[in-house]
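What follows is the content of data_3.txt (compact mmCIF, C-alpha atoms and all ligand atoms).
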# COMPACT_ATOMS: atom_id res chain seq x y z
CA MET L 143 62.86 82.77 122.71
CA ILE L 144 60.75 81.32 119.94
CA ARG L 145 60.93 83.36 116.72
CA LEU L 146 57.74 84.42 114.96
CA GLY L 147 57.46 83.98 111.22
CA VAL L 148 54.55 85.97 109.81
CA ASN L 149 53.04 84.53 106.65
CA ILE L 150 51.65 87.37 104.54
CA ASP L 151 50.25 85.37 101.60
CA HIS L 152 46.75 86.19 102.76
CA VAL L 153 47.32 89.89 102.11
CA ALA L 154 48.22 89.02 98.54
CA THR L 155 45.12 86.83 98.30
CA LEU L 156 42.96 89.88 99.01
CA ARG L 157 44.82 91.90 96.39
CA GLN L 158 44.49 89.17 93.78
CA ALA L 159 40.74 88.95 94.43
CA ARG L 160 40.54 92.19 92.45
CA MET L 161 43.75 91.78 90.43
CA THR L 162 44.76 95.23 91.61
CA TYR L 163 47.63 96.80 93.56
CA GLU L 164 46.15 96.89 97.07
CA PRO L 165 46.60 95.75 99.75
CA ASP L 166 50.30 95.40 99.06
CA PRO L 167 51.97 92.47 100.88
CA VAL L 168 55.21 94.43 100.76
CA THR L 169 53.63 97.09 103.01
CA ALA L 170 52.42 94.26 105.27
CA ALA L 171 56.00 92.98 105.49
CA GLY L 172 57.18 96.42 106.65
CA LEU L 173 54.41 96.68 109.26
CA ALA L 174 55.03 93.11 110.44
CA ASP L 175 58.64 94.11 110.93
CA LEU L 176 57.57 97.12 113.04
CA GLY L 177 55.32 94.80 115.07
CA GLY L 178 58.29 92.57 115.88
CA ALA L 179 58.14 89.78 113.30
CA ASP L 180 61.39 87.82 113.26
CA ILE L 181 60.76 86.24 109.88
CA ILE L 182 58.61 87.09 106.88
CA THR L 183 57.19 84.05 105.10
CA ILE L 184 55.77 84.00 101.60
CA HIS L 185 54.77 81.14 99.32
CA LEU L 186 55.42 81.66 95.63
CA ARG L 187 52.99 79.12 94.23
CA GLU L 188 53.29 77.70 90.73
CA ASP L 189 49.79 79.04 89.93
CA ARG L 190 50.70 82.51 91.40
CA ARG L 191 47.38 82.61 93.15
CA HIS L 192 48.59 85.10 95.74
CA ILE L 193 52.27 86.08 95.94
CA GLN L 194 53.68 87.35 92.62
CA ASP L 195 57.27 87.39 91.36
CA ARG L 196 57.34 91.15 91.89
CA ASP L 197 56.49 90.64 95.58
CA LEU L 198 59.42 88.29 96.03
CA ASP L 199 61.79 90.73 94.28
CA LEU L 200 60.69 93.64 96.49
CA MET L 201 60.57 91.57 99.66
CA ARG L 202 64.13 90.45 99.02
CA LYS L 203 65.14 94.13 99.05
CA ILE L 204 63.15 95.31 102.10
CA VAL L 205 63.17 92.38 104.53
CA PHE L 206 66.23 92.71 106.72
CA THR L 207 65.28 90.13 109.33
CA LYS L 208 64.86 86.83 107.52
CA LEU L 209 62.89 85.88 104.43
CA ASN L 210 61.48 82.35 104.40
CA LEU L 211 60.24 81.26 100.98
CA GLU L 212 57.77 78.39 100.90
CA MET L 213 57.95 76.54 97.62
CA SER L 214 57.35 73.35 95.70
CA THR L 215 60.10 71.41 93.97
CA SER L 216 59.06 72.56 90.48
CA GLN L 217 62.03 73.50 88.30
CA GLU L 218 60.66 76.97 87.53
CA ILE L 219 60.29 77.87 91.22
CA ILE L 220 63.66 76.33 92.10
CA ASP L 221 65.35 78.55 89.48
CA ILE L 222 63.62 81.66 90.82
CA ALA L 223 64.48 80.80 94.43
CA LEU L 224 68.14 80.14 93.68
CA LYS L 225 68.35 83.51 91.93
CA SER L 226 66.53 85.35 94.71
CA LYS L 227 68.50 83.66 97.52
CA PRO L 228 66.16 84.04 100.51
CA GLU L 229 67.74 83.18 103.87
CA GLN L 230 65.54 80.09 104.15
CA VAL L 231 63.36 77.93 101.93
CA THR L 232 60.67 75.61 103.19
CA PHE L 233 59.57 72.89 100.79
CA VAL L 234 55.84 72.26 100.91
CA PRO L 235 53.55 70.03 98.88
CA GLU L 236 51.45 71.93 96.37
CA LYS L 237 48.17 70.91 94.79
CA ARG L 238 46.33 73.25 92.49
CA GLN L 239 42.83 72.67 93.87
CA GLU L 240 43.67 72.99 97.58
CA ILE L 241 42.51 76.01 99.59
CA THR L 242 45.72 75.99 101.62
CA THR L 243 48.63 73.58 102.10
CA GLU L 244 46.75 70.48 103.17
CA GLY L 245 49.26 67.98 104.46
CA GLY L 246 52.95 67.65 105.02
CA LEU L 247 55.45 66.89 102.29
CA SER L 248 56.00 63.21 101.53
CA VAL L 249 59.75 62.97 101.97
CA THR L 250 59.90 59.17 102.02
CA THR L 251 58.57 58.88 98.45
CA GLN L 252 60.88 61.46 96.84
CA LYS L 253 64.19 61.10 98.61
CA ARG L 254 66.37 61.10 95.48
CA LEU L 255 64.85 64.34 94.17
CA LEU L 256 65.05 66.04 97.57
CA ILE L 257 68.68 65.05 98.13
CA ASP L 258 69.66 66.78 94.86
CA VAL L 259 67.48 69.85 95.35
CA ILE L 260 68.43 70.38 99.01
CA LYS L 261 72.14 70.14 98.14
CA ARG L 262 71.77 72.89 95.52
CA PHE L 263 70.19 75.21 98.07
CA LYS L 264 72.69 74.43 100.81
CA ASP L 265 75.57 74.95 98.37
CA ASN L 266 74.13 78.43 97.79
CA GLY L 267 74.09 79.20 101.51
CA ILE L 268 70.31 78.87 101.82
CA HIS L 269 68.91 77.15 104.92
CA VAL L 270 66.52 74.31 104.02
CA SER L 271 63.44 73.32 105.98
CA LEU L 272 60.81 70.71 105.09
CA PHE L 273 57.15 71.07 106.05
CA ILE L 274 56.10 67.62 107.25
CA ASP L 275 53.55 65.86 109.41
CA PRO L 276 54.80 64.83 112.87
CA ASP L 277 55.40 61.32 111.55
CA LYS L 278 58.47 59.33 112.54
CA ASP L 279 59.27 58.04 109.03
CA GLN L 280 58.94 61.49 107.45
CA ILE L 281 61.12 63.05 110.15
CA ILE L 282 63.88 60.49 109.81
CA ALA L 283 63.73 60.75 106.01
CA SER L 284 64.05 64.55 106.31
CA SER L 285 67.30 64.13 108.16
CA GLU L 286 68.51 61.54 105.63
CA VAL L 287 67.91 63.85 102.64
CA GLY L 288 69.98 66.61 104.25
CA ALA L 289 67.36 69.09 105.49
CA GLN L 290 68.59 71.35 108.28
CA SER L 291 65.14 72.01 109.79
CA VAL L 292 61.66 70.61 109.70
CA GLU L 293 58.46 72.56 110.18
CA LEU L 294 56.01 70.24 111.91
CA HIS L 295 52.46 70.56 110.56
CA THR L 296 50.21 71.70 113.43
CA GLY L 297 47.00 71.44 111.36
CA ASN L 298 45.67 68.31 113.07
CA TYR L 299 46.25 69.91 116.46
CA ALA L 300 44.53 73.11 115.28
CA ASN L 301 41.54 71.15 114.00
CA ALA L 302 41.26 68.92 117.10
CA ARG L 303 38.08 69.34 119.11
CA GLY L 304 37.84 68.80 122.85
CA ASP L 305 40.58 68.48 125.45
CA LYS L 306 41.24 64.78 124.83
CA GLN L 307 41.86 65.19 121.10
CA CYS L 308 43.92 68.36 121.57
CA THR L 309 46.12 66.60 124.13
CA GLU L 310 46.57 63.62 121.78
CA LYS L 311 47.63 65.84 118.90
CA LEU L 312 49.93 67.84 121.14
CA GLU L 313 51.55 64.59 122.31
CA GLU L 314 52.12 63.59 118.66
CA LEU L 315 53.85 66.91 118.06
CA LYS L 316 55.93 66.57 121.24
CA GLU L 317 57.07 63.14 120.15
CA GLY L 318 57.83 64.53 116.69
CA VAL L 319 60.00 67.27 118.17
CA LYS L 320 61.97 64.70 120.17
CA ILE L 321 62.57 62.45 117.17
CA ALA L 322 63.57 65.40 115.00
CA GLN L 323 66.00 66.76 117.57
CA SER L 324 67.58 63.39 118.11
CA SER L 325 67.99 63.11 114.32
CA GLY L 326 69.97 66.36 114.37
CA LEU L 327 67.22 68.55 112.93
CA ARG L 328 66.15 71.99 114.08
CA VAL L 329 62.42 72.16 114.63
CA ASN L 330 59.81 74.74 113.66
CA ALA L 331 56.02 74.43 113.64
CA GLY L 332 53.06 76.01 111.94
CA HIS L 333 49.71 75.92 110.17
CA GLY L 334 46.32 76.72 111.64
CA LEU L 335 47.78 78.43 114.70
CA THR L 336 45.67 81.18 116.25
CA TYR L 337 45.62 83.52 119.24
CA LYS L 338 43.64 80.79 121.05
CA ASN L 339 45.61 77.64 120.30
CA THR L 340 49.23 78.86 120.14
CA GLY L 341 49.75 79.04 123.93
CA PRO L 342 49.94 75.26 124.54
CA ILE L 343 52.26 74.85 121.55
CA VAL L 344 54.69 77.37 123.06
CA GLU L 345 54.41 75.82 126.53
CA HIS L 346 54.95 72.24 125.42
CA LEU L 347 57.05 72.21 122.27
CA ASP L 348 60.73 73.00 122.14
CA VAL L 349 60.61 74.68 118.73
CA GLU L 350 62.67 77.52 117.28
CA GLU L 351 60.17 79.18 114.95
CA LEU L 352 56.39 79.39 114.68
CA HIS L 353 54.95 80.24 111.27
CA ILE L 354 51.57 81.92 111.49
CA GLY L 355 49.53 83.61 108.79
CA HIS L 356 45.76 83.51 108.59
CA SER L 357 44.98 84.36 112.19
CA ILE L 358 47.36 87.33 112.28
CA VAL L 359 46.10 88.73 108.97
CA SER L 360 42.49 88.24 110.12
CA ARG L 361 43.12 90.20 113.33
CA ALA L 362 45.03 92.84 111.38
CA ILE L 363 41.85 93.77 109.51
CA PHE L 364 40.39 95.02 112.78
CA VAL L 365 43.35 96.18 114.85
CA GLY L 366 46.01 96.92 112.23
CA PHE L 367 48.93 94.81 111.07
CA LYS L 368 51.57 96.10 113.44
CA ARG L 369 49.38 95.59 116.50
CA ALA L 370 48.23 92.13 115.41
CA VAL L 371 51.86 91.00 115.05
CA ARG L 372 52.83 92.59 118.37
CA GLU L 373 49.95 90.84 120.14
CA MET L 374 51.07 87.46 118.80
CA LYS L 375 54.66 88.21 119.82
CA GLU L 376 53.48 89.07 123.34
CA LEU L 377 51.37 85.92 123.52
CA ILE L 378 54.35 83.77 122.52
CA HIS L 379 56.57 85.60 125.00
CA ASN L 380 54.11 85.16 127.89
CA HIS L 381 53.65 81.44 127.25
CA TYR L 382 57.39 81.01 126.82
CA LEU L 383 57.85 82.47 130.32
CA ILE L 384 55.26 80.01 131.67
CA ARG L 385 57.18 77.17 130.02
CA LYS L 386 60.46 78.34 131.50
CA THR L 387 59.06 78.53 135.02
CA SER L 388 56.93 75.37 134.89
CA LYS L 389 58.24 72.08 136.24
CA HIS L 390 56.43 69.66 133.97
CA VAL L 391 57.81 70.91 130.66
CA GLU L 392 61.11 69.59 129.55
CA VAL L 393 63.12 72.09 127.45
N1 LIG L 401 53.46 76.93 107.38
C1 LIG L 401 53.25 76.49 106.12
C2 LIG L 401 54.24 75.55 105.53
C3 LIG L 401 52.15 76.95 105.36
O1 LIG L 401 51.97 76.50 104.11
C4 LIG L 401 51.28 77.88 105.93
C5 LIG L 401 50.10 78.39 105.14
O2 LIG L 401 50.50 79.13 104.07
C6 LIG L 401 51.53 78.32 107.25
C7 LIG L 401 52.61 77.80 107.96
C8 LIG L 401 50.64 79.30 107.92
O3 LIG L 401 49.39 78.73 108.13
P1 LIG L 401 48.19 79.62 108.60
O4 LIG L 401 47.91 80.61 107.54
O5 LIG L 401 47.08 78.64 108.83
O6 LIG L 401 48.62 80.29 109.88
Step by step, read the file and then write its structure as structure tokens.
Amino acid sequence: MIRLGVNIDHVATLRQARMTYEPDPVTAAGLADLGGADIITIHLREDRRHIQDRDLDLMRKIVFTKLNLEMSTSQEIIDIALKSKPEQVTFVPEKRQEITTEGGLSVTTQKRLLIDVIKRFKDNGIHVSLFIDPDKDQIIASSEVGAQSVELHTGNYANARGDKQCTEKLEELKEGVKIAQSSGLRVNAGHGLTYKNTGPIVEHLDVEELHIGHSIVSRAIFVGFKRAVREMKELIHNHYLIRKTSKHVEV
């Protein structure tokens, strides 16, 4: 089965809009757990625009499935992450002005830095994933710097319009999965995935984890957090069954 990582940054974004105490992303983590989330994902940004240090501390204590910390390679965040010891870290690029993570990490241009940083995390028993575009050079470089997993950026697929473009972007991701697996990497995917566009990803991509945030949190406003997570779990499960019984998908 494909595991579901629920990104709860958006709950913290709502809280920070008023600089108050509600809604608490820690409560969201508990409800996501009840809804069947396999992983809780948070991004402790350098500018602390949503998740706060206190959230990470509490999450570390209450998440018993798996905590995936998205982070930049800034020294301050590295120190915090090594102290907190989440089960997994995912390195992402971070720009202050962006609305959300815009593109994948450039691994090819910072190999030396990543080799050192990744080693420190692996030496501390923390699984390391890199969020990258489905680009051959970036995938191969990810394996060369010692990452154990890559999370392939599904943003271009999510933004594609029309069947032709969607199929093209899906093909790029499929090719990316193949290259990553043959380079010895485990493969995850995420960004921009919704209740409408996740089905084909599950049916066509042999990935281990899907990381989904905005769409789940948006639905949660209307149906509740636990139900929103459960509905995404069911959707993934149903499409996984289609994949398993379909002839044309190679798994
Ligand atoms: N994966 C990564 C690396 C991300 O940065 C984000 C956004 O925080 C997500 C997945 C989830 O994206 P979305 O909120 O669009 O589902």
Tell me, counting all atoms listed in the file, for each residue of chain L within 6 Å of ligand LIG 401 (chain L), which pair of atoms is nearest and how far apart they are in Å to one decimal, in rows ordered by chain and increasing number, as CSV.
residue,atom,partner,partner_atom,distance
L:Asn149,CA,L:LIG401,C8,5.9
L:Val234,CA,L:LIG401,C2,5.9
L:Thr243,CA,L:LIG401,O1,4.9
L:Phe273,CA,L:LIG401,C2,5.4
L:Gly332,CA,L:LIG401,C7,4.4
L:His333,CA,L:LIG401,O3,3.5
L:Gly334,CA,L:LIG401,O5,3.5
L:Leu335,CA,L:LIG401,O6,5.2
L:His353,CA,L:LIG401,C7,4.7
L:Ile354,CA,L:LIG401,O6,3.7
L:Gly355,CA,L:LIG401,O6,3.6
L:His356,CA,L:LIG401,O4,3.8
L:Ser357,CA,L:LIG401,O6,5.9
For the atom pair atom CA of Lys316 of chain L and atom CA of His269 of chain L, what is the interatomic distance in Å to one decimal place?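 For atom CA of Lys316 of chain L relative to atom CA of His269 of chain L, the distance reads 23.4 Å.
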What lies within 12 Å of segment 220-224 of chain L using all atoms listed in the file, ignoring chain neighbours under 3 positions off, as a PyMOL selection string? chain L and resi 184-188+194-196+198-199+202+209-217+227-233+256+258-270
For C-alpha atoms, I'd like the residues from the last selection saved as an mmCIF file, in the coordinates of the input.
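Final file, part_23.cif:
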data_model
loop_
_atom_site.group_PDB
_atom_site.id
_atom_site.type_symbol
_atom_site.label_atom_id
_atom_site.label_comp_id
_atom_site.auth_asym_id
_atom_site.auth_seq_id
_atom_site.Cartn_x
_atom_site.Cartn_y
_atom_site.Cartn_z
ATOM 1 C CA ILE L 184 55.770 84.000 101.600
ATOM 2 C CA HIS L 185 54.770 81.140 99.320
ATOM 3 C CA LEU L 186 55.420 81.660 95.630
ATOM 4 C CA ARG L 187 52.990 79.120 94.230
ATOM 5 C CA GLU L 188 53.290 77.700 90.730
ATOM 6 C CA GLN L 194 53.680 87.350 92.620
ATOM 7 C CA ASP L 195 57.270 87.390 91.360
ATOM 8 C CA ARG L 196 57.340 91.150 91.890
ATOM 9 C CA LEU L 198 59.420 88.290 96.030
ATOM 10 C CA ASP L 199 61.790 90.730 94.280
ATOM 11 C CA ARG L 202 64.130 90.450 99.020
ATOM 12 C CA LEU L 209 62.890 85.880 104.430
ATOM 13 C CA ASN L 210 61.480 82.350 104.400
ATOM 14 C CA LEU L 211 60.240 81.260 100.980
ATOM 15 C CA GLU L 212 57.770 78.390 100.900
ATOM 16 C CA MET L 213 57.950 76.540 97.620
ATOM 17 C CA SER L 214 57.350 73.350 95.700
ATOM 18 C CA THR L 215 60.100 71.410 93.970
ATOM 19 C CA SER L 216 59.060 72.560 90.480
ATOM 20 C CA GLN L 217 62.030 73.500 88.300
ATOM 21 C CA LYS L 227 68.500 83.660 97.520
ATOM 22 C CA PRO L 228 66.160 84.040 100.510
ATOM 23 C CA GLU L 229 67.740 83.180 103.870
ATOM 24 C CA GLN L 230 65.540 80.090 104.150
ATOM 25 C CA VAL L 231 63.360 77.930 101.930
ATOM 26 C CA THR L 232 60.670 75.610 103.190
ATOM 27 C CA PHE L 233 59.570 72.890 100.790
ATOM 28 C CA LEU L 256 65.050 66.040 97.570
ATOM 29 C CA ASP L 258 69.660 66.780 94.860
ATOM 30 C CA VAL L 259 67.480 69.850 95.350
ATOM 31 C CA ILE L 260 68.430 70.380 99.010
ATOM 32 C CA LYS L 261 72.140 70.140 98.140
ATOM 33 C CA ARG L 262 71.770 72.890 95.520
ATOM 34 C CA PHE L 263 70.190 75.210 98.070
ATOM 35 C CA LYS L 264 72.690 74.430 100.810
ATOM 36 C CA ASP L 265 75.570 74.950 98.370
ATOM 37 C CA ASN L 266 74.130 78.430 97.790
ATOM 38 C CA GLY L 267 74.090 79.200 101.510
ATOM 39 C CA ILE L 268 70.310 78.870 101.820
ATOM 40 C CA HIS L 269 68.910 77.150 104.920
ATOM 41 C CA VAL L 270 66.520 74.310 104.020
#
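What separates atom CA of Ile384 of chain L from atom CA of Leu315 of chain L is a distance of 18.9 Å.
Nearest to Leu247 of chain L of all the residues L:Leu383, L:Leu146, L:Lys208, L:Glu293 is L:Glu293, counting all atoms listed in the file.
Interatomic distance, atom CA of Ala300 of chain L to atom CA of Ala331 of chain L: 11.7 Å.
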Have a look at L:Arg254, L:Thr340, L:Ser284, L:Ile363 and name the one nearest to Thr296 of chain L; count all atoms listed in the file.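 The answer is L:Thr340, which sits nearest to Thr296 of chain L.
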